[in-house]
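Asks: Structure incoming, see below.
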Amino acid sequence: MVRILGTKGSRRRHRNQFAAILSLVALLGLFLAQPAFAVHDETFQLDGNTAVDPATHIGTGTQSFDWDSFFDASGNSSPVLPDPSLPGYSASGFKRDFNLKAGGAFSNLDTTTYTQGSKDIDNVAAWVCTAANNVTDKGDIMNAYAVAYTNGAGEQFLYFALERSSNNGDANVGFWFLQDGTVDCDATNGTTNFTGVHTDGDIFIVSAFTKGGDVSTITAYRWNGGANGSLGSTPAGTGGDCRDPLLGFHDKICATSNEVTINTKWLTNNNGKNTGLDNTLNHGEFFEGGINLTTTSLAGKCFNTFLGDTRSSQSTTATLYDFARGSLGECKTTLATQENSGGPLSIGTGTVSSGTDTATLTVTGVAKWGGTLTWYLCGPIDSPTLCDAHGVQVTSRTVSDSSPASDFVSDAASLTSAGRYCWHAHFEPDADSKNAGVKAADDDGSNECFTVAPVKPTLTTSASCEHDPCVLGVDTLSDTATLSGTATEPGSNGPGGDTGLYKSIKATNGAAADSSISWTLYLPSTPACTGATKTPTGSPVTVSGDGTYGPVTYKPALSDGVGVYTFAASYPATGLTNTTAADPVTCANAPNGEKVTVSGSASSASQQRWLPNDRVVLTTTGGTTLAGTLTVTLYPSNNCTGTAVSGQTYTFHPSGDPSGSVYQTTNTTFFVGTNPDGTAGGAAGAYSWNVHYDDNNLTDPADRCETSTVSPITDSP
């Protein structure tokens with residue numbers, strides 16, 4: 001049984017009868033299983049208020065959301081869309097269109113009203129705004145808001161609403177949904193032209209409603225062409241009051257108003273300027289509506305700006321009064337990227353792969369989109385500078401809503417320099433997507449940087465001596481150094497070289513690591529490594545990549561002393577980018593291979609020898625004096641025969657010499673054994689001196705043969 005409320009013939013009774021019919025039709029719809037693409041039987045409550053009433057079931061849908069679901073008491077989007085708690089809703093916007101005086105009282109000044117002559121049929125640039133102190137109450141907008149929705153079947157919807165200050169008459173309202181996010185006007189500083197332009201596919205909706213809360217008609221038009229286009233004269237969709245059951249369940253566009261006083265979560269103003277700000281709206285002061293863009297052939301676009309207005313009539317050439325411009329932001333393109341280097345990286349031998357970069361591209365507001373996704377790489381760059389399109393292009397691909405995930409992963413680039421690198425990605429929509437309102441986008445720079453570290457080479461050395469053992473003052477010391485693990489230096493012929501930036505990316509002409517190896521030689525000291533040092537000949541040696549360098553040499557002088565000589569070497573890699581200094585070989589940590597013991601010592605050797613000489617004494621009888629010739633001769637025999645030893649004949653001439661005079665040979669040249677120079681002298685055996693004296697006055701003595709035998713000479717240490 002259907003209960004009929006209200007007095008007979010009343011509007012309320014009439015509508016409740018329609019409600020009964022609506023219920024029956026709803027039941028029938030369940031059996032027929034007709035597709036639900038109506039405005040008022042989706043999930044939004046088009047019921048003439050802002051509050052979420054108990055869920056209703058109109059048609060095949062359940063209506064669980066109202067304006068309170070999307071905005072907080074300050075008019076902020078809450079939650080920010082998209083949000084899983086509001087499935088299908090992609091964007092929302094709220095605009096408060098009144099000012100406050102100091103202290104918070106309502107101000108009559110409104111800086112967003114049209115000047116006379118502004119028409120909806122004109123392009124945006126022809127609209128002009130001005131400030132007004134007394135906007136007609138019934139035409140003064142307090143708040144305006146809108147939300148975008150896409151149902152499970154992919155159909156696009158727009159819902160919109162505004163509040164007026166007074167219900168002292170019927171009203172005509174319009175709503176523009178514009179793709180250009182720059183459309184705006186503020187006459188705070190005087191009369192001003194609007195900024196922004198029309199885009200093909202902008203939507204204009206116009207409606208009339210009474211002070212009692214009835215909506216007679218609502219009509220949608222399409223803007224055709226761009227900035228120099230025109231508003232279509234043929235409606236793209238028409239409808240009536242969303243609560244009128246005669247609309248059925250498949251209405252494409254409808255609107256409604258409040259028949260009773262309603263409360264709002266946010267501040268508003270009603271009953272003219274008399275009651276001040278509160279949270280109530282009298283009947284006929286609230287207007288809301290919705291449109292199914294898909295069934296009105298208005299789909300395929302996304303909208304960034306909504307603009308509600310009040311006007312003299314529903315005509316597209318009507319005089320315009322007040323407007324409230326809000327940001328819907330439905331056309332959202334977000335691009336976030338994540339580098340995949342797996343870093344930190346090492347430059348290795350001089351070239352390393354950058355790894356790839358993955359882009360997450362999200363386009364909301366349209367079902368179909370396409371364009372070009374381009375990746376750039378910058379580096380080395382200092383933190384915190386991020387990359388931009390001045391970087392080296394690595395990859396460019398055509399992508400769309402149907403592209404596989406692999407299309408959103410860049411190629412890798414070869415890097416030839418250590419340092420910090422950052423990716424940048426840019427999405428440029430194609431012409432059709434731009435016409436649909438899709439915007440270009442760049443990544444936000446986070447998670448896009450990675451570091452390539454230089455390499456640390458290894459330095460080993462090896463010392464040696466000319467001979468073993470190594471003799472002081474005789475031998476020369478030498479040392480070689482082996483350098484390994486260097487990297488080639490950054491190349492300069494990469495594609496970025498054309499701009500002078502990032503020329504090492506994709507370069508191929510990197511030179512070998514240079515700089516030089518230097519040696520220091522520590523002379524023997526106690527404690528070790530505290531004495532004097534020398535620079536070996538040949539140090540430093542210029543380096544060109546990995547290899548063995550040297551030798552460097554040094555011949556210790558006698559004054560340097562004997563002991564342990566220690567080589568130390570270093571490779572500082574001065575001025576290099578990809579290769580750092582090697583751990584030096586110092587005197588303190590030098591391995592045994594860097595230490596050379598130099599020796600030098602004195603020794604003695606001896607060999608006995610004899611210097612044959614003879615002593616002759618001449619005496620006389622009675623002590624007379626001597627006068628004559630004495631000859632003393634050395635023979636290498638035991639009997640004074642044979643050939644006399646050369647140079648060993650001595651002649652003396654006594655003349656008045658007293659008896660007992662002594663005469664001695666002075667042999668200093670003939671040695672038995674070893675000569676002074678170490679050569680062999682006379683051989684061991686018998687040697688004899690022959691003594692012969694002829695006196696001038698006395699009887700001569702007989703010759704004497706004095707014999708000595710020298711046994712073989714044996715030396716013991």
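The way I read the labels, and the way they are meant: chains A, B, ... in the order of the structure tokens, residue 1 as the first residue of every chain, and ligand 1 as the first ligand shown, with later ones counted on from there.
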Identify, on the basis of only C-alpha atoms, every residue whose closest approach to Gly685 of chain A does not exceed 9 Å; exclude the query and any residue fewer than 6 positions from it along the same chain; express the result as a ChimeraX atom specification.
Replies: /A:636-638,708-712
Asks: Using the selection just defined, write its residues with N, CA and C atoms as a compact mmCIF listing (two decimals), in the first residue's frame.
Replies:
```
# COMPACT_ATOMS: atom_id res chain seq x y z
N PRO A 636 171.33 -16.79 -3.66
CA PRO A 636 170.21 -17.68 -3.33
C PRO A 636 170.69 -19.14 -3.23
N SER A 637 171.70 -19.32 -2.39
CA SER A 637 172.26 -20.66 -2.20
C SER A 637 172.86 -20.73 -0.80
N ASN A 638 173.28 -21.90 -0.45
CA ASN A 638 173.82 -22.05 0.89
C ASN A 638 175.34 -21.99 0.93
N SER A 708 171.81 -18.74 5.64
CA SER A 708 170.51 -18.78 6.37
C SER A 708 169.51 -19.58 5.54
N THR A 709 168.77 -20.39 6.23
CA THR A 709 167.75 -21.19 5.52
C THR A 709 166.34 -20.72 5.93
N VAL A 710 165.51 -20.35 4.93
CA VAL A 710 164.12 -19.88 5.17
C VAL A 710 163.17 -21.03 4.85
N SER A 711 162.52 -21.54 5.89
CA SER A 711 161.56 -22.63 5.67
C SER A 711 160.32 -22.12 4.94
N PRO A 712 159.49 -23.05 4.35
CA PRO A 712 158.24 -22.58 3.67
C PRO A 712 157.36 -21.76 4.63
```
Asks: Can you tell me which residues surround segment 318-328 of chain A at a distance of at most 8 Å, considering only C-alpha atoms, apart from same-chain residues fewer than 3 positions away, and format the answer as a ChimeraX atom specification?
Replies: /A:91-97,112-120,135,139-141,143-147,181,184,303-315
Asks: Could you dump the residues just selected with C-alpha atoms as a PDB file, in the first residue's frame?
Replies:
```pdb
ATOM      1  CA  ALA A  91      37.669  15.919  -8.375  1.00  0.00           C
ATOM      2  CA  SER A  92      35.866  18.478  -6.254  1.00  0.00           C
ATOM      3  CA  GLY A  93      35.922  22.231  -5.820  1.00  0.00           C
ATOM      4  CA  PHE A  94      34.306  24.801  -3.498  1.00  0.00           C
ATOM      5  CA  LYS A  95      34.200  28.577  -3.860  1.00  0.00           C
ATOM      6  CA  ARG A  96      33.044  31.007  -1.194  1.00  0.00           C
ATOM      7  CA  ASP A  97      31.808  34.137  -2.941  1.00  0.00           C
ATOM      8  CA  THR A 112      33.294  39.076  -8.709  1.00  0.00           C
ATOM      9  CA  THR A 113      30.350  40.481 -10.627  1.00  0.00           C
ATOM     10  CA  TYR A 114      29.944  40.936 -14.369  1.00  0.00           C
ATOM     11  CA  THR A 115      29.834  44.299 -16.104  1.00  0.00           C
ATOM     12  CA  GLN A 116      26.908  44.949 -18.367  1.00  0.00           C
ATOM     13  CA  GLY A 117      27.598  43.513 -21.822  1.00  0.00           C
ATOM     14  CA  SER A 118      29.248  40.294 -20.722  1.00  0.00           C
ATOM     15  CA  LYS A 119      27.493  37.445 -22.497  1.00  0.00           C
ATOM     16  CA  ASP A 120      27.828  33.673 -22.371  1.00  0.00           C
ATOM     17  CA  VAL A 135      24.403  42.942  -5.665  1.00  0.00           C
ATOM     18  CA  GLY A 139      21.234  37.173  -7.608  1.00  0.00           C
ATOM     19  CA  ASP A 140      24.047  37.306  -5.045  1.00  0.00           C
ATOM     20  CA  ILE A 141      25.934  33.994  -4.889  1.00  0.00           C
ATOM     21  CA  ASN A 143      28.907  29.629  -2.254  1.00  0.00           C
ATOM     22  CA  ALA A 144      29.288  27.433  -5.318  1.00  0.00           C
ATOM     23  CA  TYR A 145      30.672  23.943  -5.591  1.00  0.00           C
ATOM     24  CA  ALA A 146      31.060  21.052  -8.003  1.00  0.00           C
ATOM     25  CA  VAL A 147      32.230  17.466  -8.143  1.00  0.00           C
ATOM     26  CA  GLY A 181      42.439  26.268 -15.545  1.00  0.00           C
ATOM     27  CA  ASP A 184      39.461  33.847 -13.709  1.00  0.00           C
ATOM     28  CA  PHE A 303      37.389  20.250 -16.661  1.00  0.00           C
ATOM     29  CA  ASN A 304      39.613  22.362 -14.458  1.00  0.00           C
ATOM     30  CA  THR A 305      37.380  25.340 -13.763  1.00  0.00           C
ATOM     31  CA  PHE A 306      33.715  25.778 -12.853  1.00  0.00           C
ATOM     32  CA  LEU A 307      31.974  29.099 -12.894  1.00  0.00           C
ATOM     33  CA  GLY A 308      28.464  29.524 -11.499  1.00  0.00           C
ATOM     34  CA  ASP A 309      26.513  32.668 -12.302  1.00  0.00           C
ATOM     35  CA  THR A 310      23.185  34.375 -11.783  1.00  0.00           C
ATOM     36  CA  ARG A 311      21.435  35.987 -14.744  1.00  0.00           C
ATOM     37  CA  SER A 312      18.365  37.731 -16.015  1.00  0.00           C
ATOM     38  CA  SER A 313      16.960  34.693 -17.873  1.00  0.00           C
ATOM     39  CA  GLN A 314      17.757  31.279 -19.261  1.00  0.00           C
ATOM     40  CA  SER A 315      18.670  32.801 -22.599  1.00  0.00           C
TER      41      SER A 315
END
```
Asks: With a distance cut-off of 8 Å and only C-alpha atoms, select the neighbouring residues of segment 151-157 of chain A, excluding the residue or stretch itself and same-chain residues fewer than 2 positions from it, and output the selection as JSON, numbers by chain.
Replies: {"A": [37, 39, 42, 88, 148, 149, 159, 290, 291, 292, 293, 294, 295, 299, 367]}
Asks: Considering only strand (DSSP E or B) as DSSP defines it on the backbone, what residues of segment 140-335 of chain A qualify? List them as an MDAnalysis selection string.
Replies: chainID A and resid 141:150 156:164 171:178 184 192:193 195 203:209 215:224 230:231 237:241 253:257 262:269 277:281 286:292 305:311 320:327 332:335
Asks: Which polymer residues have any atom within 7 Å of an atom of Ala125 of chain A, counting only C-alpha atoms, with same-chain residues fewer than 5 positions away left out, as JSON, numbers by chain?
Replies: {"A": [193, 194, 195, 196, 197]}
Asks: So which residues touch segment 347-358 of chain A within 8 Å, counting only C-alpha atoms, skipping near sequence neighbours fewer than 6 positions away, as a list in words?
Replies: Thr337, Gln338, Glu339, Asn340, Ser341, Phe408, Val409, Ser410, Asp411, Ala412, Ala413, Ser414, Leu415, Thr416, Ser417, Ala418, Trp423, Val452, Ala453, Pro454, Val455, Gly485, Thr486, Ala487, Thr488, Glu489, Pro490, Gly510 and Asn578 of chain A
Asks: Could you check which of A:Leu281, A:Leu630, A:Cys331, A:Val474 is closest to Ile262 of chain A, using only C-alpha atoms?
Replies: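 The closest residue to Ile262 of chain A is A:Leu281.
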Asks: Let me make sure I understand: among A:Glu428, A:Thr597, A:Thr535, A:Leu386, which one has the smallest atom-to-atom distance to Pro469 of chain A if we use only C-alpha atoms?
Replies: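 That would be A:Thr597, the residue with the smallest distance to Pro469 of chain A.
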Asks: Counting only C-alpha atoms, figure out which residue out of A:Asp388, A:Asp110, A:Asp137, A:Asp122 gets nearest to Asp443 of chain A.
Replies: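 Under the stated criterion, the closest residue is A:Asp388.
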Asks: Here is a test: counting only C-alpha atoms, which residue of A:Leu335, A:Leu558, A:Ala582, A:Ala441 is nearest to Ser570 of chain A?
Replies: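 Smallest distance to Ser570 of chain A is found for A:Ala582.
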Asks: Measure the distance from atom CA of Gly593 of chain A to atom CA of Lys456 of chain A in Å and round it to one decimal.
Replies: 22.6 Å
Asks: Find the residues around Ser559 of chain A up to 12 Å (only C-alpha atoms counted), leave out those fewer than 5 positions away in its own chain, and share them as a PDB file with C-alpha atoms, in the first residue's frame.
Replies:
```pdb
ATOM      1  CA  LEU A 472     127.657   0.180  -0.308  1.00  0.00           C
ATOM      2  CA  GLY A 473     129.298   2.497  -2.741  1.00  0.00           C
ATOM      3  CA  LEU A 523     118.069   5.923   4.489  1.00  0.00           C
ATOM      4  CA  PRO A 524     119.059   3.614   7.343  1.00  0.00           C
ATOM      5  CA  ALA A 532     117.228  11.305   6.112  1.00  0.00           C
ATOM      6  CA  GLY A 600     130.055  -2.781   3.283  1.00  0.00           C
TER       7      GLY A 600
END
```
Asks: Would you mind listing what lies within 7 Å of Arg222 of chain A as a ChimeraX atom specification, with only C-alpha atoms counted and same-chain residues fewer than 5 positions away left out?
Replies: /A:201-204,231-232,236
Asks: With distances taken over only C-alpha atoms, which residue among A:Thr451, A:Thr256, A:Ser402, A:Thr219 lies nearest Pro344 of chain A?
Replies: A:Thr451
Asks: Measuring between only C-alpha atoms, which one of A:Ser297, A:Thr668, A:Thr553, A:Ser516 shows the shortest distance to Lys534 of chain A?
Replies: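 Closest to Lys534 of chain A of all the choices is A:Thr553.
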Asks: Quick check for you: according to DSSP on this backbone, which residues of segment 252-479 of chain A are classed as helix (DSSP H, G or I)? Reply as a CSV table (one decimal) with N, CA and C atoms, in the first residue's frame.
Replies:
```
chain,number,residue,atom,x,y,z
A,405,ALA,N,52.9,-1.9,-19.3
A,405,ALA,CA,53.8,-1.4,-18.3
A,405,ALA,C,55.2,-1.1,-18.8
A,406,SER,N,55.7,-2.0,-19.7
A,406,SER,CA,57.0,-1.9,-20.2
A,406,SER,C,57.3,-0.6,-20.9
A,407,ASP,N,56.2,0.0,-21.4
A,407,ASP,CA,56.4,1.3,-22.2
A,407,ASP,C,56.7,2.5,-21.2
A,408,PHE,N,56.5,2.3,-19.9
A,408,PHE,CA,56.8,3.3,-18.9
A,408,PHE,C,58.1,3.1,-18.2
A,431,ALA,N,47.6,15.8,-29.8
A,431,ALA,CA,46.6,16.8,-30.1
A,431,ALA,C,45.2,16.5,-29.6
A,432,ASP,N,44.8,15.2,-29.8
A,432,ASP,CA,43.4,14.8,-29.3
A,432,ASP,C,43.3,14.9,-27.8
A,433,SER,N,44.3,14.5,-27.1
A,433,SER,CA,44.3,14.6,-25.7
A,433,SER,C,44.3,16.0,-25.2
A,434,LYS,N,45.1,16.9,-25.8
A,434,LYS,CA,45.1,18.3,-25.5
A,434,LYS,C,43.7,18.9,-25.6
A,435,ASN,N,43.0,18.5,-26.7
A,435,ASN,CA,41.7,19.0,-27.0
A,435,ASN,C,40.7,18.5,-25.9
```
